[in-house]
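In what follows, a structure is listed as structure tokens, so that the remarks can point back to it.
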Amino acid sequence: MTLFSGIQPTGLLHIGNYFGAIKNWVKLQEKYPSIFCIVDYHAITVPYDPKTMQDKILNLTIDLIACGIDPKKSILFVQSQVPEATELTWILNTITPIGELRRMTQFKDKSQEHPESVNMGLFDYPVLMAADILLYKAQIVPVGEDQVQHLELTREITRKFNKTFGQTFLEPKSILTQGSRIMSLTDPAKKMSKSSGPETYISLSDSPETIFKKLSTAMTDPARQRKTDPGTPDKCNLYHLHKLVSSSKELDYIAKGCQKAQIGCLECKKLLADNLARELAPIQKKRKELAENPEKIKKILADGTEQARKIAQKTLIEVKKKMGLTD
Ligand code: TYM
């Protein structure tokens, strides 16, 4: 069974990307043949700066390797370098109902965020995602919760293709982690994302001081913040982050101390900042080393493209034969 997942080169990575997806990729690459894709064609569906795109791709590749993606075990490549994905997108477009695309939450959200640029690419984004996955006949797709709806659509497209043209693809399934929905530091009703400003997320490159500074102004359990009630850890955004980086002993101490108002939010935040900084320190160190040799990183992407393309070409020929587009 093949694993596939993707990520956009939009600048810094945040801990939502890390705990929701990348940390799981690193673990699962030991279990499945894995393909990881830097999805530049997805990134251009919203306004962006062409001058910084190549740097962003290089930096994201460095980040992924620093997090533990191993190019010796897994294929790592850039989406636009494998044109078969856009060819398959066109093909899949012809069997995708427009009504399904209109239902996509991310399309509605991004259309609201960028009302000046509601373009066809943004609308078609989930079909390109389906093509990414099906091109490699991947069945295991580790993602954060915001991508689950797109995966459901991919499954539907898969069924429709198989029914219309004969059994070709296997239905992929999404794999989620405990951190599949990391929320904004300043508004726990919203998911953590880069578009809401640096005070709302912790980036993988933040220093221990920055992490603590961002956490000190972060929202906790609203009742505890208003001092109307003792805290309820499960209602606190930061307690959910603790669950990802703190030991069971620490969690117990925090939960009990919070409920009985024996510890203050600041103490809880300090412990969280220390534990997050400890998790990120080895990644930051590795990142510095890797950044010294950009040529090596470019070579990794070139090798990845070559491997990915071989698989993609084989699938596309099979698809075209089934559809009567070639002999
Ligand atoms: P992207 O670049 O928006 O996000 C990359 C991964 O990070 C996860 N993620 C989060 N997880 C938990 N909490 C958060 N706050 C959070 N924010 C982001 C995302 O769910 C994702 O797993 N369309 C995709 C990339 C893609 C793809 C694919 C994924 C393209 N083709 C094929 C899987 C299979 C995207 O834009 O992810």
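As shown in the structure tokens, the chain order sets the letters A, B, ...; within each chain, residues go from 1, and ligands are also counted from 1 in the order they appear.
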
| request: Skip Ser111 in chain A itself and residues of its chain fewer than 5 positions away, then list as an NGL selection string all residues within 10 Å of it, counting only C-alpha atoms. | output: :A and (46 or 105-106 or 116-119 or 122-123)

Based on the selection just made, write C-alpha atoms of those residues as a JSON list (two decimals), in the first residue's frame.
```
[["chain", "number", "residue", "atom", "x", "y", "z"],
["A", 46, "VAL", "CA", -4.44, 32.34, -4.13],
["A", 105, "THR", "CA", -15.71, 24.24, 2.94],
["A", 106, "GLN", "CA", -12.16, 25.28, 2.06],
["A", 116, "GLU", "CA", -10.79, 39.58, -5.44],
["A", 117, "SER", "CA", -9.45, 36.28, -6.76],
["A", 118, "VAL", "CA", -12.09, 33.55, -6.73],
["A", 119, "ASN", "CA", -10.61, 31.70, -9.68],
["A", 122, "LEU", "CA", -9.32, 27.50, -6.44],
["A", 123, "PHE", "CA", -12.59, 25.80, -7.36]]
```

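Every protein, DNA or RNA residue with an atom at most 12 Å from Pro208 in chain A, where only C-alpha atoms count and chain neighbours fewer than 5 positions away do not, is listed here: A:Ile202, A:Ser203, A:Lys213, A:Lys214, A:Leu215, A:Lys270, A:Leu271, A:Leu272, A:Ala273, A:Asp274, A:Asn275, A:Leu276, A:Ala277, A:Arg278, A:Glu279, A:Leu280, A:Ala281, A:Gln284.
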
| remark: Using only C-alpha atoms, the shortest atom-to-atom distance to Ala308 in chain A among A:Gly20, A:Asp40, A:Thr10, A:Val78 belongs to A:Val78

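Distance check against Leu325 in chain A using only C-alpha atoms: of A:Phe165, A:Ser247, A:Cys268, A:Val39, the minimum falls on A:Phe165.
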
| request: Would you return as a VMD selection string the members of range 144-232 of chain A that DSSP assigns to strand (DSSP E or B) on this structure's backbone? | output: chain A and resid 173 to 175 183 191 203

| For atom 8 (C, counted along the ligand's line) of ligand 1 and CA of Phe161 in chain A, the interatomic separation in Å (one decimal) |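 Distance reported for this atom pair: 27.2 Å.
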
Ligand 1: which residues are within 6 Å, counting only C-alpha atoms and all ligand atoms, as a short mmCIF file (atom, residue, chain, number, x, y, z; two decimals) with N, CA and C atoms, in the first residue's frame?
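Result written to result-v9.cif:
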```cif
data_model
loop_
_atom_site.label_atom_id
_atom_site.label_comp_id
_atom_site.auth_asym_id
_atom_site.auth_seq_id
_atom_site.Cartn_x
_atom_site.Cartn_y
_atom_site.Cartn_z
N PHE A 4 0.63 8.70 0.23
CA PHE A 4 0.89 9.97 -0.45
C PHE A 4 0.37 11.12 0.41
N SER A 5 1.14 12.20 0.49
CA SER A 5 0.57 13.42 1.06
C SER A 5 1.28 14.64 0.48
N GLY A 6 0.67 15.80 0.68
CA GLY A 6 1.23 17.01 0.08
C GLY A 6 1.15 18.19 1.02
N ILE A 7 1.94 19.20 0.69
CA ILE A 7 1.95 20.43 1.50
C ILE A 7 2.32 21.61 0.61
N GLN A 8 1.70 22.76 0.88
CA GLN A 8 1.94 23.94 0.03
C GLN A 8 3.18 24.72 0.46
N GLY A 16 0.65 23.43 13.55
CA GLY A 16 -0.52 22.72 13.01
C GLY A 16 -0.08 21.77 11.89
N ASN A 17 0.74 22.27 10.98
CA ASN A 17 1.27 21.41 9.91
C ASN A 17 2.08 20.25 10.50
N GLY A 20 -0.28 18.02 12.92
CA GLY A 20 -1.42 17.50 12.15
C GLY A 20 -0.98 16.55 11.05
N ALA A 21 0.22 16.79 10.49
CA ALA A 21 0.60 16.00 9.32
C ALA A 21 2.04 15.48 9.38
N VAL A 39 3.29 21.06 -3.09
CA VAL A 39 2.23 21.32 -4.08
C VAL A 39 2.19 22.80 -4.49
N MET A 129 -6.03 17.60 -6.17
CA MET A 129 -5.63 16.76 -5.04
C MET A 129 -5.95 15.29 -5.31
N ASP A 132 -3.40 14.00 -7.70
CA ASP A 132 -2.13 13.75 -6.99
C ASP A 132 -2.14 12.34 -6.38
N ILE A 133 -3.22 12.04 -5.71
CA ILE A 133 -3.29 10.78 -4.96
C ILE A 133 -3.44 9.58 -5.91
N VAL A 141 -3.44 8.27 3.14
CA VAL A 141 -3.22 9.72 2.98
C VAL A 141 -3.29 10.42 4.34
N VAL A 143 -3.32 13.34 6.71
CA VAL A 143 -3.60 14.78 6.59
C VAL A 143 -4.20 15.31 7.89
N GLY A 144 -4.33 16.63 7.98
CA GLY A 144 -5.08 17.26 9.06
C GLY A 144 -6.57 17.24 8.72
N GLU A 145 -7.38 17.58 9.72
CA GLU A 145 -8.84 17.45 9.56
C GLU A 145 -9.41 18.29 8.40
N ASP A 146 -8.76 19.45 8.14
CA ASP A 146 -9.29 20.34 7.09
C ASP A 146 -9.25 19.72 5.69
N GLN A 147 -8.51 18.62 5.54
CA GLN A 147 -8.42 17.99 4.21
C GLN A 147 -9.35 16.79 4.06
N GLY A 179 -3.36 15.41 16.85
CA GLY A 179 -3.23 16.86 16.61
C GLY A 179 -3.80 17.27 15.28
N SER A 180 -4.87 16.61 14.82
CA SER A 180 -5.35 16.84 13.46
C SER A 180 -6.07 18.18 13.29
N ARG A 181 -6.35 18.84 14.42
CA ARG A 181 -7.00 20.16 14.32
C ARG A 181 -6.40 21.07 15.40
N ILE A 182 -5.31 21.72 15.07
CA ILE A 182 -4.66 22.63 16.01
C ILE A 182 -5.27 24.01 15.80
N MET A 183 -5.67 24.63 16.91
CA MET A 183 -6.42 25.88 16.79
C MET A 183 -5.52 27.12 16.95
N LYS A 191 -9.06 27.45 13.13
CA LYS A 191 -7.88 26.59 13.05
C LYS A 191 -6.62 27.44 12.88
N MET A 192 -5.51 26.92 13.37
CA MET A 192 -4.25 27.64 13.24
C MET A 192 -3.88 27.72 11.76
N SER A 193 -3.57 28.93 11.30
CA SER A 193 -3.15 29.06 9.89
C SER A 193 -2.28 30.31 9.78
#
```

Close residues, Gly324 in chain A itself excluded, 12 Å, only C-alpha atoms, min 5 positions apart in chain, as a PDB file with all heavy atoms, in the first residue's frame:
```pdb
ATOM      1  N   PHE A 165     -15.180   3.423 -16.240  1.00  0.00           N
ATOM      2  CA  PHE A 165     -14.145   2.948 -17.172  1.00  0.00           C
ATOM      3  C   PHE A 165     -13.527   1.605 -16.786  1.00  0.00           C
ATOM      4  O   PHE A 165     -12.605   1.139 -17.437  1.00  0.00           O
ATOM      5  CB  PHE A 165     -13.045   4.016 -17.310  1.00  0.00           C
ATOM      6  CG  PHE A 165     -13.565   5.342 -17.792  1.00  0.00           C
ATOM      7  CD1 PHE A 165     -13.639   6.438 -16.935  1.00  0.00           C
ATOM      8  CD2 PHE A 165     -14.003   5.489 -19.105  1.00  0.00           C
ATOM      9  CE1 PHE A 165     -14.132   7.657 -17.380  1.00  0.00           C
ATOM     10  CE2 PHE A 165     -14.491   6.706 -19.556  1.00  0.00           C
ATOM     11  CZ  PHE A 165     -14.554   7.789 -18.697  1.00  0.00           C
ATOM     12  N   GLY A 166     -13.979   1.015 -15.706  1.00  0.00           N
ATOM     13  CA  GLY A 166     -13.423  -0.271 -15.260  1.00  0.00           C
ATOM     14  C   GLY A 166     -12.463  -0.077 -14.097  1.00  0.00           C
ATOM     15  O   GLY A 166     -11.828   0.979 -13.968  1.00  0.00           O
ATOM     16  N   ILE A 317      -0.896   6.214 -18.750  1.00  0.00           N
ATOM     17  CA  ILE A 317      -1.088   5.374 -19.944  1.00  0.00           C
ATOM     18  C   ILE A 317      -2.239   4.394 -19.691  1.00  0.00           C
ATOM     19  O   ILE A 317      -3.123   4.217 -20.536  1.00  0.00           O
ATOM     20  CB  ILE A 317       0.226   4.637 -20.318  1.00  0.00           C
ATOM     21  CG1 ILE A 317       1.203   5.653 -20.887  1.00  0.00           C
ATOM     22  CG2 ILE A 317      -0.047   3.524 -21.340  1.00  0.00           C
ATOM     23  CD1 ILE A 317       2.577   5.127 -21.180  1.00  0.00           C
ATOM     24  N   GLU A 318      -2.244   3.807 -18.504  1.00  0.00           N
ATOM     25  CA  GLU A 318      -3.329   2.860 -18.167  1.00  0.00           C
ATOM     26  C   GLU A 318      -4.694   3.564 -18.239  1.00  0.00           C
ATOM     27  O   GLU A 318      -5.650   3.046 -18.818  1.00  0.00           O
ATOM     28  CB  GLU A 318      -3.077   2.303 -16.752  1.00  0.00           C
ATOM     29  CG  GLU A 318      -4.071   1.230 -16.359  1.00  0.00           C
ATOM     30  CD  GLU A 318      -3.972   0.846 -14.880  1.00  0.00           C
ATOM     31  OE1 GLU A 318      -2.995   1.246 -14.211  1.00  0.00           O
ATOM     32  OE2 GLU A 318      -4.904   0.164 -14.405  1.00  0.00           O
ATOM     33  N   VAL A 319      -4.733   4.780 -17.678  1.00  0.00           N
ATOM     34  CA  VAL A 319      -5.990   5.554 -17.662  1.00  0.00           C
ATOM     35  C   VAL A 319      -6.440   5.865 -19.098  1.00  0.00           C
ATOM     36  O   VAL A 319      -7.597   5.675 -19.467  1.00  0.00           O
ATOM     37  CB  VAL A 319      -5.806   6.859 -16.850  1.00  0.00           C
ATOM     38  CG1 VAL A 319      -6.930   7.844 -17.096  1.00  0.00           C
ATOM     39  CG2 VAL A 319      -5.694   6.548 -15.360  1.00  0.00           C
TER      40      VAL A 319
END
```

| task | Considering only C-alpha atoms, return as a ChimeraX atom specification whatever protein or nucleic-acid residues lie within 12 Å of Ala261 in chain A, sequence-local ones (same chain, fewer than 2 positions apart) excluded. | result | /A:223-225,227-233,253-259,263-268

Write a file of the selected residues as a CSV table (one decimal), in the first residue's frame, keeping N, CA, C and O atoms.
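Saved as selection02.csv:
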```
chain,number,residue,atom,x,y,z
A,223,ALA,N,-13.6,30.7,31.0
A,223,ALA,CA,-14.1,30.8,32.3
A,223,ALA,C,-13.0,31.1,33.3
A,223,ALA,O,-13.0,32.0,34.2
A,224,ARG,N,-11.9,30.4,33.1
A,224,ARG,CA,-10.7,30.6,33.9
A,224,ARG,C,-10.1,32.0,33.7
A,224,ARG,O,-9.7,32.6,34.6
A,225,GLN,N,-10.1,32.4,32.4
A,225,GLN,CA,-9.6,33.7,32.1
A,225,GLN,C,-10.4,34.8,32.8
A,225,GLN,O,-9.8,35.8,33.3
A,227,LYS,N,-12.0,34.4,35.4
A,227,LYS,CA,-11.9,34.1,36.9
A,227,LYS,C,-13.3,33.9,37.5
A,227,LYS,O,-13.5,34.1,38.6
A,228,THR,N,-14.3,33.5,36.6
A,228,THR,CA,-15.6,33.2,37.1
A,228,THR,C,-15.7,31.8,37.7
A,228,THR,O,-16.5,31.5,38.5
A,229,ASP,N,-14.8,30.9,37.1
A,229,ASP,CA,-14.9,29.5,37.5
A,229,ASP,C,-13.5,29.0,37.6
A,229,ASP,O,-12.6,29.5,37.0
A,230,PRO,N,-13.3,27.8,38.3
A,230,PRO,CA,-12.0,27.2,38.1
A,230,PRO,C,-11.8,26.7,36.7
A,230,PRO,O,-12.8,26.5,36.0
A,231,GLY,N,-10.6,26.3,36.3
A,231,GLY,CA,-10.5,25.9,34.9
A,231,GLY,C,-11.0,24.6,34.6
A,231,GLY,O,-11.2,23.7,35.4
A,232,THR,N,-11.4,24.4,33.3
A,232,THR,CA,-11.8,23.0,32.8
A,232,THR,C,-10.8,22.7,31.7
A,232,THR,O,-10.9,23.3,30.6
A,233,PRO,N,-9.7,21.9,32.0
A,233,PRO,CA,-8.6,21.7,31.1
A,233,PRO,C,-9.1,21.4,29.7
A,233,PRO,O,-8.6,21.9,28.7
A,253,TYR,N,-0.5,16.9,36.5
A,253,TYR,CA,-0.2,18.0,37.4
A,253,TYR,C,-1.0,19.3,36.9
A,253,TYR,O,-1.6,20.0,37.6
A,254,ILE,N,-1.0,19.5,35.5
A,254,ILE,CA,-1.6,20.6,34.9
A,254,ILE,C,-3.2,20.5,35.1
A,254,ILE,O,-3.8,21.4,35.6
A,255,ALA,N,-3.7,19.3,34.8
A,255,ALA,CA,-5.2,19.2,34.8
A,255,ALA,C,-5.7,19.4,36.3
A,255,ALA,O,-6.6,20.2,36.5
A,256,LYS,N,-5.0,18.7,37.2
A,256,LYS,CA,-5.5,18.9,38.6
A,256,LYS,C,-5.3,20.3,39.1
A,256,LYS,O,-6.2,20.9,39.7
A,257,GLY,N,-4.1,20.8,38.9
A,257,GLY,CA,-3.7,22.2,39.3
A,257,GLY,C,-4.7,23.2,38.8
A,257,GLY,O,-5.1,24.2,39.5
A,258,CYS,N,-5.1,23.0,37.5
A,258,CYS,CA,-6.0,24.0,36.8
A,258,CYS,C,-7.4,23.9,37.5
A,258,CYS,O,-8.0,25.0,37.8
A,259,GLN,N,-7.9,22.7,37.6
A,259,GLN,CA,-9.2,22.5,38.1
A,259,GLN,C,-9.4,23.1,39.5
A,259,GLN,O,-10.4,23.7,39.9
A,263,ILE,N,-2.6,26.1,40.3
A,263,ILE,CA,-1.5,26.7,39.4
A,263,ILE,C,-2.1,27.8,38.5
A,263,ILE,O,-3.3,27.7,38.2
A,264,GLY,N,-1.3,28.8,38.2
A,264,GLY,CA,-1.9,29.8,37.4
A,264,GLY,C,-1.6,29.5,35.9
A,264,GLY,O,-0.8,28.6,35.6
A,265,CYS,N,-2.3,30.2,35.0
A,265,CYS,CA,-2.2,30.0,33.6
A,265,CYS,C,-0.7,30.2,33.2
A,265,CYS,O,-0.2,29.6,32.3
A,266,LEU,N,-0.1,31.2,33.8
A,266,LEU,CA,1.3,31.5,33.4
A,266,LEU,C,2.3,30.3,33.6
A,266,LEU,O,3.1,30.0,32.7
A,267,GLU,N,2.1,29.6,34.7
A,267,GLU,CA,2.9,28.5,35.0
A,267,GLU,C,2.7,27.4,34.0
A,267,GLU,O,3.6,26.7,33.4
A,268,CYS,N,1.4,27.2,33.7
A,268,CYS,CA,1.0,26.2,32.6
A,268,CYS,C,1.6,26.6,31.3
A,268,CYS,O,2.2,25.7,30.6
```

| note | Separating CA of Leu238 in chain A from CA of Ile175 in chain A, to the nearest tenth of an Å, is a gap of 23.5 Å

Run DSSP on the backbone and give me the residues of range 166-273 of chain A it puts in alpha helix (DSSP H), as a compact mmCIF listing (two decimals) with N, CA and C atoms, in the first residue's frame.
```txt
# COMPACT_ATOMS: atom_id res chain seq x y z
N PRO A 208 12.81 29.77 21.69
CA PRO A 208 12.10 29.53 22.96
C PRO A 208 11.47 30.82 23.50
N GLU A 209 12.17 31.96 23.34
CA GLU A 209 11.63 33.23 23.84
C GLU A 209 10.35 33.62 23.08
N THR A 210 10.41 33.48 21.75
CA THR A 210 9.23 33.83 20.94
C THR A 210 8.06 32.91 21.30
N ILE A 211 8.35 31.64 21.47
CA ILE A 211 7.27 30.69 21.81
C ILE A 211 6.60 31.14 23.11
N PHE A 212 7.42 31.46 24.10
CA PHE A 212 6.83 31.85 25.39
C PHE A 212 6.04 33.16 25.25
N LYS A 213 6.61 34.09 24.48
CA LYS A 213 5.93 35.37 24.28
C LYS A 213 4.56 35.16 23.63
N LYS A 214 4.52 34.33 22.61
CA LYS A 214 3.23 34.08 21.92
C LYS A 214 2.25 33.37 22.84
N LEU A 215 2.77 32.43 23.63
CA LEU A 215 1.86 31.70 24.53
C LEU A 215 1.36 32.61 25.65
N SER A 216 2.19 33.56 26.09
CA SER A 216 1.73 34.39 27.22
C SER A 216 0.48 35.19 26.89
N PRO A 222 -11.97 30.15 28.65
CA PRO A 222 -12.57 31.48 28.86
C PRO A 222 -13.05 31.68 30.31
N ALA A 223 -13.62 30.66 30.96
CA ALA A 223 -14.12 30.82 32.32
C ALA A 223 -12.96 31.09 33.28
N ARG A 224 -11.85 30.37 33.07
CA ARG A 224 -10.69 30.56 33.93
C ARG A 224 -10.10 31.96 33.69
N GLN A 225 -10.11 32.39 32.44
CA GLN A 225 -9.56 33.71 32.14
C GLN A 225 -10.39 34.82 32.78
N ARG A 226 -11.72 34.61 32.81
CA ARG A 226 -12.59 35.63 33.43
C ARG A 226 -12.58 35.50 34.95
N ASN A 237 -7.58 25.55 25.01
CA ASN A 237 -6.81 25.27 23.80
C ASN A 237 -5.40 24.81 24.13
N LEU A 238 -4.80 25.42 25.16
CA LEU A 238 -3.40 25.12 25.44
C LEU A 238 -3.23 23.74 26.08
N TYR A 239 -4.27 23.29 26.79
CA TYR A 239 -4.19 21.94 27.36
C TYR A 239 -4.09 20.91 26.23
N HIS A 240 -4.78 21.17 25.13
CA HIS A 240 -4.71 20.24 23.99
C HIS A 240 -3.30 20.23 23.38
N LEU A 241 -2.63 21.38 23.44
CA LEU A 241 -1.24 21.41 22.96
C LEU A 241 -0.33 20.65 23.93
N HIS A 242 -0.62 20.81 25.24
CA HIS A 242 0.15 20.05 26.24
C HIS A 242 0.10 18.56 25.93
N LYS A 243 -1.08 18.09 25.52
CA LYS A 243 -1.25 16.66 25.27
C LYS A 243 -0.27 16.15 24.22
N LEU A 244 0.19 17.06 23.35
CA LEU A 244 1.08 16.65 22.26
C LEU A 244 2.55 16.64 22.66
N VAL A 245 2.89 17.38 23.71
CA VAL A 245 4.32 17.49 24.03
C VAL A 245 4.67 17.21 25.49
N SER A 248 2.82 12.29 30.80
CA SER A 248 1.54 12.03 31.47
C SER A 248 1.56 12.60 32.89
N LYS A 249 2.75 12.60 33.52
CA LYS A 249 2.85 13.17 34.86
C LYS A 249 2.58 14.69 34.82
N GLU A 250 3.16 15.33 33.82
CA GLU A 250 2.94 16.79 33.68
C GLU A 250 1.47 17.09 33.38
N LEU A 251 0.88 16.26 32.52
CA LEU A 251 -0.52 16.47 32.16
C LEU A 251 -1.42 16.38 33.39
N ASP A 252 -1.12 15.39 34.21
CA ASP A 252 -1.88 15.17 35.43
C ASP A 252 -1.75 16.39 36.36
N TYR A 253 -0.52 16.87 36.50
CA TYR A 253 -0.23 18.02 37.35
C TYR A 253 -0.99 19.26 36.86
N ILE A 254 -0.96 19.46 35.54
CA ILE A 254 -1.63 20.61 34.93
C ILE A 254 -3.15 20.50 35.12
N ALA A 255 -3.70 19.33 34.80
CA ALA A 255 -5.16 19.17 34.84
C ALA A 255 -5.68 19.39 36.26
N LYS A 256 -5.04 18.73 37.23
CA LYS A 256 -5.50 18.87 38.62
C LYS A 256 -5.28 20.29 39.13
N GLY A 257 -4.08 20.82 38.87
CA GLY A 257 -3.75 22.16 39.35
C GLY A 257 -4.69 23.21 38.78
N CYS A 258 -5.08 23.02 37.52
CA CYS A 258 -5.96 23.99 36.84
C CYS A 258 -7.36 23.92 37.45
N GLN A 259 -7.88 22.70 37.61
CA GLN A 259 -9.24 22.54 38.14
C GLN A 259 -9.37 23.11 39.55
N CYS A 265 -2.34 30.23 35.02
CA CYS A 265 -2.18 30.00 33.58
C CYS A 265 -0.72 30.23 33.15
N LEU A 266 -0.06 31.17 33.81
CA LEU A 266 1.31 31.49 33.38
C LEU A 266 2.25 30.31 33.59
N GLU A 267 2.09 29.64 34.74
CA GLU A 267 2.94 28.46 35.01
C GLU A 267 2.69 27.38 33.95
N CYS A 268 1.42 27.19 33.65
CA CYS A 268 1.03 26.19 32.64
C CYS A 268 1.63 26.55 31.27
N LYS A 269 1.60 27.84 30.96
CA LYS A 269 2.13 28.29 29.67
C LYS A 269 3.65 28.13 29.61
N LYS A 270 4.30 28.38 30.77
CA LYS A 270 5.78 28.28 30.79
C LYS A 270 6.20 26.83 30.52
N LEU A 271 5.49 25.89 31.16
CA LEU A 271 5.82 24.48 30.96
C LEU A 271 5.56 24.08 29.50
N LEU A 272 4.47 24.56 28.94
CA LEU A 272 4.15 24.25 27.54
C LEU A 272 5.22 24.84 26.61
N ALA A 273 5.63 26.07 26.89
CA ALA A 273 6.66 26.72 26.05
C ALA A 273 7.95 25.91 26.11
```

| said: Under the rule that only C-alpha atoms are counted, which of A:Met104, A:His114, A:Phe169, A:Gly304 is the nearest residue to Leu151 in chain A? | reply: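 Using only C-alpha atoms, Leu151 in chain A sits closest to A:Met104.
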
| said: Give me, as a PyMOL selection string, all polymer residues having an atom no more than 10 Å from Lys314 in chain A, counting only C-alpha atoms and skipping those fewer than 4 positions away in the same chain. | reply: chain A and resi 84+135-136+309-310+318-319

| said: Here is a test: counting only C-alpha atoms, which residue of A:Asp187, A:Ile15, A:Ile35, A:Glu100 is nearest to Ile311 in chain A? | reply: A:Ile35

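Counting only C-alpha atoms, the residue from A:Thr168, A:Thr61, A:Ser34, A:Thr158 that sits nearest to Lys321 in chain A is A:Thr168.
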